[in-house]
Each structure stands twice: as structure tokens, then as C-alpha cells.
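Enquirer: Before anything else, here's the structure in question.
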Amino acid sequence: MPFTPRLLRRPVTRHTKAALLASAVSVCLIAASAPAPAVPLGVGDRLFPHLGNPGYDVKSYDLDFTYPGSNRKPLEAVTTIDALTTAPLALINLDFAHGKVRSVEVDGRPADFASAGEDLVVRPEQPLPEGVPVRITLRHTSDPVYTGDEEGGWVRTSDGLAMANQADAAHLVFPCNDHPSDKAMFTIRVTAPDGYTAVANGVPAGTDRAPGTTTWTYRTEHPMATELAQVSIDRSTVVRRTGPDGLPLRDVVPTKDRDRLERWLKKTPAQIEWMESKVGGYPFETYGVLIADAQTGFELETQTLSLFERELFVRPEYPEWYVDSIMVHELAHQWFGDSVSPRTWSDLWLNEGHATWYEALYSEETAGRPLQARMKAAYGASDRWRAVGGPPAAPKPPKAGQKISIFRANVYDGAALFLYALRQEIGRSAFERLERTWVGMHRDGVASTADFEELASLIAGRDLGDFFHAWLYEERTPPMPGHPEWKSEAARR
Ligand SMILES: [Zn+2]
């Protein structure tokens, strides 16, 4: 093999980031004589090369939206970004690709700006040195109407809006450093006409009433990736209850469905207790489900407030165990994907594999649906999934115009299958210790496939490098430990 497995297994790329920082530095040097060109930059994500930006670390976002009372008109918005420079910067690249920018200030001084690809490139009056705080204030619109092939961002409900930014759509809503490796604190403020209720990630931090409008403010108590931001503006009701250890829960549901949805909403406390029994304490300040009257075709683990399609809960053909398992899937993401964010989008399997794992385990323990049968079926399909989507930790890039097409079976049941193989390989007790330790040590952080391998090896007391490599980076699914008789469907033919 022409690469060392170790290099191949590290999808990114402090090196790539360093190279990009170096190019940002050279841009800065040129700026002394001639204006630097505005070009889109990225943090070197293999799947989304222009996502994120080098040269700074965002500490907090303050998002201020004014909803006009129609989900077909742009919202007026003010986004304030507090960041720390990590390199000298003549230009500050932000991700922002949808909406009109009215003005930009850097540290209170007007700044020029230009679009370049999906970046908004800001030129402060003076180049910024490395290691200084900077505040960027942008007045802009945030447009919920998409005419091109954009996916995600604002989701229009029957009479309002919700948000679905994963993987790369937060920058259709607000200017940001749109990569999960740069988490930050969020304050979200929404002004809406009477009759609407606005809810966002985190906990309430005040409500101001004015004639005809109300302004709601929410604040996160933990850092969050831009892809996990949630803002619901709708004719909705907030249903409150208390979860394990006094955890405040709040669900956001269409007011007309409040009573019929209660049979589902009341399940959350026991589901949280179950997850806590598996991996330890719930990682955030609150939780709840946002049930949106919209056709999304997916559910999404937005931090502290998971987004669900109303249809999942009201269509009679979905069995109860299935709906339960989807609720647990999004809940499990609060630990796996939200509290512990992927370092790059190639680490997506860490999110989806774990969420699928707990979804399946919950079905086994509460609905008598054996995990082993599901994993045997997954084993049969795994080679086919790898052919379509790539191995779990080296997924194929999204199709053009279908960026969420990285969410393929290879990173769901295909990655849960790897976790099953790992449990077979190192034993149930080591596996359970690994899971708890993982979410504990990377809480509120960012972690990669290599980090998971390192911890697994440490806990197993032996180098699992070859095992991880074969399962996560190879075209063919390796033999299942303990089940040599399991065969892939392709091989059987
Ligand atoms: Zn998921």
C-alpha cells in the first residue's frame, strides 16, 4: 500500500489547515502593496473543500432575526461574531451564500466586503495581527426562499420556519465559520408578530413585548456547531416538563396538535434515562423535540431541540417501536455528534454510527427486536453500501447539487455494524467503557476517527490500528469476529 495506514486513517489535516493558514499569511503580505483578491477559502475538509475558513476561531455568535410574518419573505438580520485571530489576516473569509449583505463592521469600523463563491470576504480597514479578539457585525437579510439547488437552511413549515443546517447550510441562513470543528457559544434573538412563538437552542434569556411584536432571546450554555443551530418561528405551543435530575425539557409542537402528540412527548424522560444508563449524564442544559409541520424527509439532531417531521407521529402506518427508535436516534446524537462534534465530515460515521447503534439497542431492549439480526442483515448489505458510498470513514463526496447525499447507509447501519464488530472484538465491558469514556473526555469538544481508535486501543490494552483500518477504510467488509459464517450478499451471488 503506498500510504502508511496511519496517514490514510487521519483524514485531516492539521497539515492542510497549516497550509491554508500559510496561504492566508502570504495573502496578508501581498496586501501591503496591492489589494488581496477575494477568493473562497476552506479548512481543508475532504468532502466540502470550501467550508469553514482559516485564520480565526469563533468564540460566540449573536444572531438577531426579525420575522416579517410570512415565510416567503426575507428576515432582517444582524449577525455579530466574536472571534480570536489565529493568524495575521488582511481579509476575513466568512461562509455566507444566500441573502443580501447591507453592511459590515469590524470592531465598530465600516469594512468593505465582496462575495467569492460561497464565501463573504471582509476587508478590515487595517490588517489584523495574530492572537487578537475581533468583532464582526453584519447587517443582512436571511432568505427562506431558495430557487436554486440549495438544500437545508431555513425549512418552511405550513405557517412558519424551522432550521436544518446539516451538513453545510448554516451559511445559507447567517454568516459564519460553517464547519463543525469551530464550535462557539450562541445567543439567538427573534422578533416576530403577535400569534407566533419563537424558540431556539439553549435556554430562554428574556422576552420583550412591544406593540404587535415579541422578541425572544435564547442562549446556549455549551458550545455548538453552526450545523446544529435551530430556530423555530411558528404558531406553536411550548410544552414543558421535567426530565431526570431536574433537567428542564421543552417540546415545541403545532398548537393544533398539542393533545394528540402528548403520547409521544411524554416518552422523552424515560428515553433520556435509558441513554444515561448507557453512556452517562445528558450533556446539555435542556432537551426537547421540535415537531414541524413540514416535508423534510429527515429528522435532525439540532442541539438541545431535535427537529422532527410531524408526519412521523401522526401517520398510522409507523409502528410505535419504530417511532421510539427514531426519537432515541436523535436523542443519542446529543452525545454523539452534538456534544462531541466530528473534526471533519469524513468523521460523520461517528455521529450516525453511534446514533444508529443506540437506536437499534433501544429497539432490542424495549421492543424485543434483536440487534444481532439487524447486524447480520447489515453485514449482508455492507459491501454493497461501501460500493455506493465508500467505506464508513472515507465516504464518497456528495453528488453535485445533492450535498446531503453523504448521508448514506454506509455511515448509518454500515457504521453501526463496525461498532458491533468492535464489541465482538474487545468484549462488551470494554466496549461499554469506551463509549462512556469517549463522550466524557470529548464533551463540548471536537474529535476524529483517529481519536476514537486511540481510545479504543487504550481501553482494549492493544493496538487496534489494523482492525480499525480494515473496517473503516477498506472497500470490502472484513469477517465478523465471532460470526465467520456471516456472508455479504454480493459474495453469495
Ligand atoms: Zn442521525
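FYI, nothing fancy with the C-alpha cells labels: chains A, B, ... in order, residues from 1 per chain, ligands from 1 as they appear.
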Write out as a list in words each polymer residue (protein, DNA or RNA) that has an atom no more than 9 Å from ligand 1, with only C-alpha atoms and all ligand atoms counted.
Expert: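 Checking only C-alpha atoms and all ligand atoms against ligand 1 at 9 Å gives Phe298, Glu299, Leu300, Glu301, Ile326, His329, Glu330, Ala332, His333, Gly337, Asn351, Glu352, Gly353, His354, Ala355, Thr356, Phe407 and Tyr412 of chain A.
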Enquirer: Using only C-alpha atoms, determine which residues lie at most 10 Å from region 114-121 of chain A, disregarding the query and same-chain residues fewer than 3 positions distant; provide the list as a PyMOL selection string.
Expert: chain A and resi 37-42+50-53+91-98+101+124+171-172+175-177
Enquirer: Interatomic distance between CA of Thr79 (chain A) and CA of Gln303 (chain A)?
Expert: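 So the answer is 19.4 Å.
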Enquirer: In Å, rounded to a single decimal, give me how far CA of Tyr56 (chain A) is from CA of Ala184 (chain A).
Expert: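 Separation between CA of Ala184 (chain A) and CA of Tyr56 (chain A): 12.0 Å.
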